[in-house]
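Source file entry_31.csv; content: CSV, C-alpha atoms.
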chain,number,residue,atom,x,y,z
A,15,MET,CA,6.0,26.8,-28.3
A,16,SER,CA,5.3,23.3,-29.6
A,17,ILE,CA,2.0,21.6,-29.0
A,18,SER,CA,3.4,19.3,-26.4
A,19,GLN,CA,4.9,22.2,-24.6
A,20,ALA,CA,1.6,24.0,-24.6
A,21,VAL,CA,-0.1,21.0,-23.2
A,22,GLU,CA,2.5,20.6,-20.5
A,23,ALA,CA,2.3,24.3,-19.7
A,24,ALA,CA,-1.5,23.8,-19.2
A,25,GLY,CA,-0.6,21.1,-16.6
A,26,GLU,CA,-3.3,18.8,-17.8
A,27,GLY,CA,-1.4,17.0,-20.6
A,28,SER,CA,-1.8,13.2,-20.6
A,29,THR,CA,2.0,12.7,-20.8
A,30,SER,CA,2.9,15.1,-18.0
A,31,GLU,CA,0.2,13.8,-15.7
A,32,PHE,CA,1.4,10.2,-16.3
A,33,ARG,CA,5.0,11.3,-15.8
A,34,ARG,CA,4.0,13.2,-12.6
A,35,GLY,CA,2.6,9.9,-11.3
A,36,VAL,CA,5.7,7.9,-12.1
A,37,ALA,CA,7.9,10.6,-10.5
A,38,SER,CA,5.9,10.7,-7.3
A,39,CYS,CA,6.2,7.0,-7.0
A,40,ALA,CA,10.0,7.0,-7.3
A,41,PRO,CA,10.7,7.4,-3.6
A,42,VAL,CA,8.3,4.5,-2.9
A,43,LEU,CA,10.2,2.2,-5.2
A,44,PHE,CA,13.3,2.7,-3.1
A,45,GLY,CA,11.6,0.6,-0.4
A,46,THR,CA,9.8,-1.7,-2.8
A,47,ILE,CA,12.8,-3.1,-4.7
A,48,PRO,CA,14.6,-4.8,-1.7
A,49,TYR,CA,11.3,-6.4,-0.6
A,50,ALA,CA,10.6,-7.6,-4.1
A,51,LEU,CA,14.0,-9.2,-4.3
A,52,VAL,CA,13.5,-10.9,-0.9
A,53,LEU,CA,10.1,-12.3,-1.9
A,54,GLY,CA,11.5,-13.8,-5.1
A,55,ALA,CA,14.4,-15.4,-3.3
A,56,GLN,CA,12.1,-16.8,-0.6
A,57,ALA,CA,9.7,-18.2,-3.2
A,58,THR,CA,12.4,-20.3,-4.9
A,59,GLN,CA,13.4,-21.6,-1.5
A,60,LYS,CA,9.9,-22.8,-1.0
A,61,GLY,CA,10.0,-24.7,-4.3
A,62,LEU,CA,8.2,-22.3,-6.6
A,63,SER,CA,9.6,-22.0,-10.1
A,64,ILE,CA,10.5,-18.6,-11.5
A,65,VAL,CA,7.5,-18.7,-13.9
A,66,GLU,CA,5.2,-19.6,-11.0
A,67,LEU,CA,6.5,-16.8,-8.9
A,68,SER,CA,6.2,-14.3,-11.8
A,69,ALA,CA,2.6,-15.5,-12.4
A,70,MET,CA,1.8,-14.9,-8.7
A,71,THR,CA,3.3,-11.4,-8.5
A,72,GLY,CA,1.9,-10.5,-11.9
A,73,LEU,CA,-1.6,-11.8,-11.4
A,74,ASN,CA,-2.1,-11.2,-7.7
A,75,PHE,CA,0.1,-8.0,-7.4
A,76,ALA,CA,-0.4,-7.5,-3.6
A,77,GLY,CA,2.9,-7.9,-1.8
A,78,GLY,CA,1.6,-8.4,1.7
A,79,SER,CA,-0.5,-11.4,0.7
A,80,GLU,CA,2.3,-12.8,-1.4
A,81,PHE,CA,4.7,-12.7,1.6
A,82,ALA,CA,2.0,-14.4,3.7
A,83,ALA,CA,1.3,-17.0,1.0
A,84,ILE,CA,5.0,-17.8,0.6
A,85,GLN,CA,5.5,-18.2,4.3
A,86,LEU,CA,2.6,-20.7,4.3
A,87,TRP,CA,3.6,-22.4,1.1
A,88,THR,CA,3.9,-26.2,1.1
A,89,SER,CA,4.2,-28.7,-1.8
A,90,PRO,CA,1.4,-29.2,-2.7
A,91,PRO,CA,0.0,-25.9,-1.3
A,92,HIS,CA,-2.9,-25.8,1.1
A,93,ILE,CA,-5.3,-24.0,-1.2
A,94,VAL,CA,-8.0,-22.9,1.2
A,95,LEU,CA,-5.6,-21.6,3.8
A,96,ILE,CA,-3.6,-19.6,1.3
A,97,VAL,CA,-6.7,-18.1,-0.4
A,98,ALA,CA,-8.3,-17.2,2.9
A,99,ILE,CA,-5.1,-15.5,4.2
A,100,THR,CA,-4.8,-13.7,0.9
A,101,PHE,CA,-8.4,-12.3,1.3
A,102,LEU,CA,-7.7,-11.4,4.9
A,103,VAL,CA,-4.5,-9.5,4.2
A,104,ASN,CA,-6.1,-7.7,1.2
A,105,SER,CA,-9.5,-7.0,2.8
A,106,ARG,CA,-8.1,-3.4,3.4
A,107,HIS,CA,-8.6,-2.9,-0.4
A,108,LEU,CA,-12.3,-2.9,0.2
A,109,LEU,CA,-11.9,0.2,2.4
A,110,MET,CA,-9.4,1.8,0.1
A,111,GLY,CA,-11.7,1.4,-2.9
A,112,ALA,CA,-14.6,2.8,-0.8
A,113,ALA,CA,-12.5,5.9,0.2
A,114,LEU,CA,-11.6,6.4,-3.5
A,115,ALA,CA,-15.2,5.9,-4.8
A,116,PRO,CA,-16.4,9.5,-4.4
A,117,PHE,CA,-13.6,10.7,-6.6
A,118,LEU,CA,-14.3,8.2,-9.4
A,119,ARG,CA,-18.0,9.0,-10.1
A,120,HIS,CA,-17.2,10.9,-13.3
A,121,LEU,CA,-15.3,7.9,-14.7
A,122,PRO,CA,-16.9,5.1,-16.6
A,123,ARG,CA,-16.9,1.7,-15.0
A,124,ARG,CA,-15.3,0.0,-18.0
A,125,LYS,CA,-12.3,2.2,-17.4
A,126,MET,CA,-12.2,1.7,-13.7
A,127,PHE,CA,-12.3,-2.1,-13.8
A,128,PRO,CA,-8.9,-2.4,-15.4
A,129,ALA,CA,-7.5,0.6,-13.4
A,130,LEU,CA,-8.5,-0.9,-10.1
A,131,PHE,CA,-6.5,-4.1,-10.9
A,132,PHE,CA,-3.5,-1.9,-10.2
A,133,LEU,CA,-4.8,-0.6,-6.9
A,134,CYS,CA,-2.1,-1.1,-4.1
A,135,ASP,CA,-1.3,0.7,-0.9
A,136,GLU,CA,1.1,3.0,-2.6
A,137,SER,CA,-0.9,3.8,-5.8
A,138,TRP,CA,-4.0,4.3,-3.8
A,139,ALA,CA,-2.5,6.5,-1.2
A,140,LEU,CA,-0.7,8.7,-3.8
A,141,GLY,CA,-3.8,8.9,-6.0
A,142,LEU,CA,-6.1,9.8,-3.1
A,143,ALA,CA,-3.7,12.3,-1.6
A,144,ASP,CA,-3.3,13.9,-5.0
A,145,ALA,CA,-7.1,14.0,-5.5
A,146,ARG,CA,-7.6,15.7,-2.1
A,147,GLN,CA,-4.9,18.3,-2.8
A,148,ARG,CA,-6.4,19.1,-6.2
A,149,ALA,CA,-9.9,19.3,-4.7
A,150,ALA,CA,-8.6,21.7,-2.1
A,151,ALA,CA,-7.0,23.8,-4.9
A,152,GLY,CA,-10.3,23.9,-6.7
A,153,ILE,CA,-9.2,21.7,-9.7
A,154,THR,CA,-11.9,19.6,-11.2
A,155,PRO,CA,-12.1,16.7,-11.7
A,156,ALA,CA,-10.0,16.2,-8.6
A,157,PHE,CA,-8.9,12.6,-9.4
A,158,SER,CA,-6.3,12.4,-12.2
A,159,PRO,CA,-6.5,9.0,-13.8
A,160,ARG,CA,-3.3,9.4,-15.7
A,161,TYR,CA,-1.4,10.4,-12.5
A,162,TYR,CA,-2.8,7.4,-10.7
A,163,MET,CA,-1.9,5.1,-13.6
A,164,GLY,CA,1.6,6.5,-13.8
A,165,ALA,CA,2.2,5.7,-10.1
A,166,ALA,CA,0.4,2.3,-10.4
A,167,LEU,CA,2.2,1.0,-13.5
A,168,ALA,CA,5.6,2.1,-12.0
A,169,MET,CA,4.8,0.0,-9.0
A,170,TYR,CA,3.5,-2.9,-11.0
A,171,LEU,CA,6.4,-3.2,-13.4
A,172,THR,CA,8.9,-2.7,-10.5
A,173,TRP,CA,7.2,-5.4,-8.4
A,174,VAL,CA,7.0,-8.0,-11.1
A,175,ALA,CA,10.4,-7.3,-12.5
A,176,PHE,CA,12.2,-7.3,-9.2
A,177,THR,CA,10.4,-10.3,-7.6
A,178,THR,CA,11.4,-12.2,-10.8
A,179,LEU,CA,15.0,-11.0,-10.5
A,180,GLY,CA,14.9,-12.1,-6.8
A,181,ALA,CA,13.9,-15.6,-7.9
A,182,LEU,CA,16.6,-15.7,-10.5
A,183,LEU,CA,19.3,-14.5,-8.0
A,184,GLY,CA,17.8,-16.7,-5.3
A,185,PRO,CA,20.3,-17.7,-2.6
A,186,MET,CA,22.8,-15.1,-3.7
A,187,LEU,CA,20.8,-12.5,-1.7
A,188,GLY,CA,21.4,-12.3,2.0
A,189,HIS,CA,19.1,-10.7,4.5
A,190,VAL,CA,18.1,-7.4,2.8
A,191,GLU,CA,16.0,-6.5,5.8
A,192,THR,CA,19.1,-5.8,7.9
A,193,TYR,CA,20.1,-2.8,5.8
A,194,GLY,CA,17.2,-0.6,6.8
A,195,PHE,CA,15.2,-0.5,3.6
A,196,ASP,CA,12.0,-1.7,5.4
A,197,MET,CA,11.9,1.8,7.1
A,198,ALA,CA,10.9,3.2,3.7
A,199,PHE,CA,7.4,2.1,4.2
A,200,PRO,CA,6.7,3.8,7.6
A,201,ALA,CA,8.5,6.9,6.0
A,202,VAL,CA,6.2,6.9,3.0
A,203,PHE,CA,3.0,6.2,4.9
A,204,LEU,CA,3.8,8.9,7.6
A,205,VAL,CA,4.4,11.5,5.0
A,206,LEU,CA,1.2,10.6,3.3
A,207,MET,CA,-0.7,10.8,6.6
A,208,ARG,CA,0.8,14.3,7.2
A,209,GLY,CA,-0.8,15.3,3.9
A,210,MET,CA,-4.1,14.0,5.2
A,211,TRP,CA,-3.8,15.8,8.6
A,212,LYS,CA,-6.8,17.8,9.6
A,213,GLY,CA,-6.1,18.5,13.2
A,214,VAL,CA,-5.9,16.4,16.4
A,215,ALA,CA,-9.6,15.7,16.7
A,216,ALA,CA,-9.8,14.3,13.2
A,217,ALA,CA,-6.7,12.1,13.9
A,218,ARG,CA,-8.1,10.4,17.0
A,219,PRO,CA,-9.4,7.4,15.0
A,220,TRP,CA,-5.8,6.9,13.6
A,221,LEU,CA,-4.5,6.6,17.2
A,222,VAL,CA,-7.2,4.0,17.9
A,223,SER,CA,-6.1,2.1,14.8
A,224,LEU,CA,-2.5,2.3,15.8
A,225,VAL,CA,-3.1,1.0,19.3
A,226,VAL,CA,-5.5,-1.8,18.3
A,227,ALA,CA,-3.3,-2.9,15.3
A,228,ALA,CA,-0.2,-2.9,17.4
A,229,LEU,CA,-1.8,-4.9,20.3
A,230,THR,CA,-3.4,-7.4,17.8
A,231,TYR,CA,0.0,-7.8,16.1
A,232,LEU,CA,1.6,-8.6,19.4
A,233,MET,CA,-1.2,-11.0,20.6
A,234,VAL,CA,-2.7,-12.6,17.5
A,235,PRO,CA,-0.6,-14.5,15.0
A,236,GLY,CA,-1.2,-14.0,11.3
A,237,GLY,CA,-2.4,-11.0,9.3
A,238,TRP,CA,-5.4,-10.0,11.5
A,239,TYR,CA,-3.8,-6.8,12.8
A,240,VAL,CA,-4.4,-4.7,9.7
A,241,ALA,CA,-8.2,-5.6,9.6
A,242,ALA,CA,-8.5,-5.2,13.4
A,243,GLY,CA,-6.7,-1.8,13.4
A,244,ALA,CA,-8.6,-0.4,10.4
A,245,VAL,CA,-12.0,-1.5,11.5
A,246,SER,CA,-11.6,-0.3,15.1
A,247,GLY,CA,-10.4,3.1,13.9
A,248,LEU,CA,-13.5,3.4,11.7
A,249,VAL,CA,-15.9,2.4,14.5
A,250,SER,CA,-14.2,5.0,16.7
A,251,ALA,CA,-14.6,7.6,14.0
A,252,TRP,CA,-18.3,6.9,14.0
A,253,PHE,CA,-18.5,7.4,17.7
A,254,PHE,CA,-16.2,10.5,17.8
A,255,TRP,CA,-18.3,12.2,15.3
A,256,ARG,CA,-20.2,15.3,16.4
A,257,GLU,CA,-22.7,17.3,14.4
A,258,ALA,CA,-20.9,20.4,13.1
B,14,MET,CA,7.6,-25.2,-15.2
B,15,ILE,CA,4.1,-24.7,-13.9
B,16,ASP,CA,2.4,-27.2,-11.6
B,17,ALA,CA,-1.4,-27.4,-12.0
B,18,THR,CA,-2.2,-27.1,-8.3
B,19,THR,CA,0.2,-24.2,-7.9
B,20,LEU,CA,-1.4,-22.4,-10.9
B,21,PHE,CA,-4.9,-23.0,-9.5
B,22,THR,CA,-3.9,-21.6,-6.1
B,23,ILE,CA,-2.3,-18.5,-7.8
B,24,VAL,CA,-5.4,-17.9,-9.9
B,25,LEU,CA,-7.7,-18.1,-6.9
B,26,MET,CA,-5.4,-15.7,-4.9
B,27,ALA,CA,-5.6,-13.3,-7.9
B,28,GLY,CA,-9.4,-13.6,-8.0
B,29,VAL,CA,-10.1,-12.8,-4.4
B,30,THR,CA,-7.5,-10.0,-4.4
B,31,TYR,CA,-9.2,-8.5,-7.5
B,32,LEU,CA,-12.6,-8.7,-5.7
B,33,THR,CA,-11.2,-6.8,-2.8
B,34,ARG,CA,-10.0,-4.1,-5.2
B,35,ILE,CA,-13.3,-3.5,-6.9
B,36,GLY,CA,-15.7,-4.4,-4.0
B,37,GLY,CA,-15.5,-1.1,-2.1
B,38,TYR,CA,-15.7,0.9,-5.3
B,39,LEU,CA,-18.8,-1.0,-6.6
B,40,VAL,CA,-20.6,-0.7,-3.3
B,41,LEU,CA,-20.0,3.0,-2.7
B,42,ARG,CA,-20.0,4.2,-6.3
B,43,ASN,CA,-23.5,5.4,-6.5
B,44,ARG,CA,-24.3,6.1,-2.9
B,45,THR,CA,-24.5,9.5,-1.2
B,46,LEU,CA,-23.2,9.2,2.3
B,47,SER,CA,-24.5,10.9,5.4
B,48,ALA,CA,-22.2,13.5,7.0
B,49,ARG,CA,-21.3,11.0,9.7
B,50,ALA,CA,-20.5,8.3,7.2
B,51,THR,CA,-18.4,10.8,5.2
B,52,ALA,CA,-16.4,11.6,8.3
B,53,VAL,CA,-15.8,7.9,8.9
B,54,MET,CA,-14.7,7.5,5.2
B,55,GLU,CA,-12.4,10.5,5.6
B,56,ALA,CA,-10.6,8.8,8.5
B,57,ALA,CA,-10.4,5.5,6.6
B,58,PRO,CA,-7.2,6.1,4.6
B,59,GLY,CA,-5.1,7.1,7.7
B,60,CYS,CA,-6.6,4.2,9.7
B,61,VAL,CA,-5.5,1.7,7.0
B,62,LEU,CA,-2.0,3.2,6.6
B,63,ILE,CA,-1.2,3.3,10.3
B,64,SER,CA,-2.5,-0.2,10.8
B,65,VAL,CA,-0.2,-1.6,8.1
B,66,ILE,CA,2.8,0.0,9.7
B,67,ALA,CA,1.7,-0.6,13.4
B,68,PRO,CA,4.2,-3.5,13.9
B,69,ALA,CA,7.1,-1.1,13.5
B,70,PHE,CA,5.8,0.9,16.6
B,71,VAL,CA,6.1,-2.2,18.8
B,72,SER,CA,9.4,-3.6,17.6
B,73,ARG,CA,11.5,-5.2,20.3
B,74,ASN,CA,14.7,-3.8,18.7
B,75,PRO,CA,15.6,-0.4,20.3
B,76,ALA,CA,17.5,0.5,17.2
B,77,ASP,CA,14.3,0.1,15.1
B,78,LEU,CA,12.2,2.2,17.6
B,79,LEU,CA,14.8,5.0,17.6
B,80,ALA,CA,15.0,4.9,13.8
B,81,LEU,CA,11.2,5.0,13.6
B,82,ALA,CA,11.2,8.1,16.0
B,83,ILE,CA,13.7,9.8,13.7
B,84,THR,CA,11.6,8.9,10.6
B,85,PHE,CA,8.4,10.2,12.4
B,86,VAL,CA,10.1,13.6,13.1
B,87,ALA,CA,11.4,13.7,9.5
B,88,ALA,CA,7.9,13.0,8.1
B,89,THR,CA,6.5,16.0,9.9
B,90,ARG,CA,9.1,18.3,8.3
B,91,PHE,CA,10.3,17.0,4.9
B,92,SER,CA,8.8,15.8,1.7
B,93,MET,CA,8.7,12.2,0.6
B,94,LEU,CA,12.2,11.5,-0.8
B,95,PRO,CA,14.3,13.1,2.0
B,96,THR,CA,12.1,11.4,4.6
B,97,VAL,CA,12.6,8.0,3.0
B,98,LEU,CA,16.4,8.6,2.8
B,99,ILE,CA,16.6,9.7,6.4
B,100,GLY,CA,14.5,6.8,7.6
B,101,VAL,CA,16.4,4.1,5.6
B,102,THR,CA,19.8,5.6,6.6
B,103,ALA,CA,18.8,5.9,10.3
B,104,ALA,CA,17.5,2.3,10.4
B,105,GLY,CA,20.6,0.9,8.6
B,106,LEU,CA,23.1,2.8,10.8
B,107,LEU,CA,21.3,2.3,14.1
B,108,ARG,CA,20.9,-1.4,13.5
B,109,HIS,CA,24.6,-1.6,12.7
B,110,LEU,CA,25.6,0.5,15.8
B,111,VAL,CA,23.1,-0.5,18.4
B,112,GLY,CA,22.6,-4.1,17.2

Structure translated into structure tokens:
Amino acid sequence: MSISQAVEAAGEGSTSEFRRGVASCAPVLFGTIPYALVLGAQATQKGLSIVELSAMTGLNFAGGSEFAAIQLWTSPPHIVLIVAITFLVNSRHLLMGAALAPFLRHLPRRKMFPALFFLCDESWALGLADARQRAAAGITPAFSPRYYMGAALAMYLTWVAFTTLGALLGPMLGHVETYGFDMAFPAVFLVLMRGMWKGVAAARPWLVSLVVAALTYLMVPGGWYVAAGAVSGLVSAWFFWREA
Amino acid sequence: MIDATTLFTIVLMAGVTYLTRIGGYLVLRNRTLSARATAVMEAAPGCVLISVIAPAFVSRNPADLLALAITFVAATRFSMLPTVLIGVTAAGLLRHLVG
């Protein structure tokens, strides 16, 4: 048995953990790629150059806020509006980072600052679900940084590459939405939520979030529904809580 | 070609986005939460995820709702890749058939 095989057999090898992260991200990319192409194509229609679009998706790397920014884009752009909407759409990251924080205590800050640049819905959800599973299985430390980085870098490279490709192809792309690829996101998120399932009582805040987010989406224009749904779910979790 | 105003906007976007990414971590990194606050934080991931996909649950297109129902059932039974394939196929087919 070679050294690398021995490391892989131990299950904690850096390469195998990284590869495990990339592999677990693969089904997610299936839904990401069509969206990336559409965003790139839309951006060129709004007058952004390919370099500008690549700079946005490479530096900002948060798809929801980029879609919102492109919808609102004018020439010249309304800076305050676009930055405020970006913050609003991405404010969920605050909560996501907070949920991840207990698993990151053993890691130095200087490592986490670059790693958190790559935090997105998918890499966070995969990393957190994996950490919880490993914690339940008694593996310490529960959070696997290389697994997280595998998933995160796969997302990042795919996002930047395919938004750029979308900008290059531009008008050649029709309406990718009509083919059903957008259903990949509910599919991914629902599977991740099943992994977090701890019984009906623990899931009541999720239902509150769903109802409030859906109603907000129907009644309030813009990206408010994510923040409204998430915050109301958390408030309800506080009130649902009973001393064990 | 990079326009200066555009670049400035993009850099500001990237800045606030990065602040949201490190903010929650920095605030909670060295705190020990009460049992109640821990329960709230345990509910947080599901609350965020379901809020992001909430618009799909109130789609006006019957084909989308039916596809979501199929995806939901698939998610309770199968792992990630089969669920994604079932969801995307169901949405694509139903939109084509139902309209």

If the cut-off is 6 Å, can you tell me the residues of chain B near chain A, counting all atoms listed in the file? I'd like them as a VMD selection string. chain B and resid 15 22 to 23 26 to 27 29 33 to 34 36 to 38 41 to 42 53 to 54 59 to 61 63 to 68 84 88 94 96 to 97 100 to 101 104 to 105

When you look at Ala165 in chain A with a cut-off of 6 Å (counting all atoms listed in the file), what residues show up, excluding the ones that are within fewer than 3 positions of it in the same chain? I need them as a PyMOL selection string. chain A and resi 35-36+39+137+162+168

To one decimal place, how far is CA of Met233 in chain A from CA of Val71 in chain B in Å?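 Value for the CA of Met233 in chain A-CA of Val71 in chain B distance: 11.6 Å.
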
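The interatomic distance for the pair CA of Ala151 in chain A and CA of Arg34 in chain A works out to 17.1 Å.
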
10 Å contact set for Leu51 in chain A, only C-alpha atoms, chain neighbours under 2 positions out, as a PyMOL selection string: chain A and resi 46-49+53-56+173-184+187+190

CA of Leu167 in chain A to CA of Leu140 in chain A, distance in Å rounded to a single decimal: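 Computed distance, CA of Leu167 in chain A to CA of Leu140 in chain A, equals 12.7 Å.
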
Of the candidates A:Ala149, A:Ala156, A:Ile84, A:Leu121, which one gets nearest to Thr58 in chain A if we count all atoms listed in the file? A:Ile84
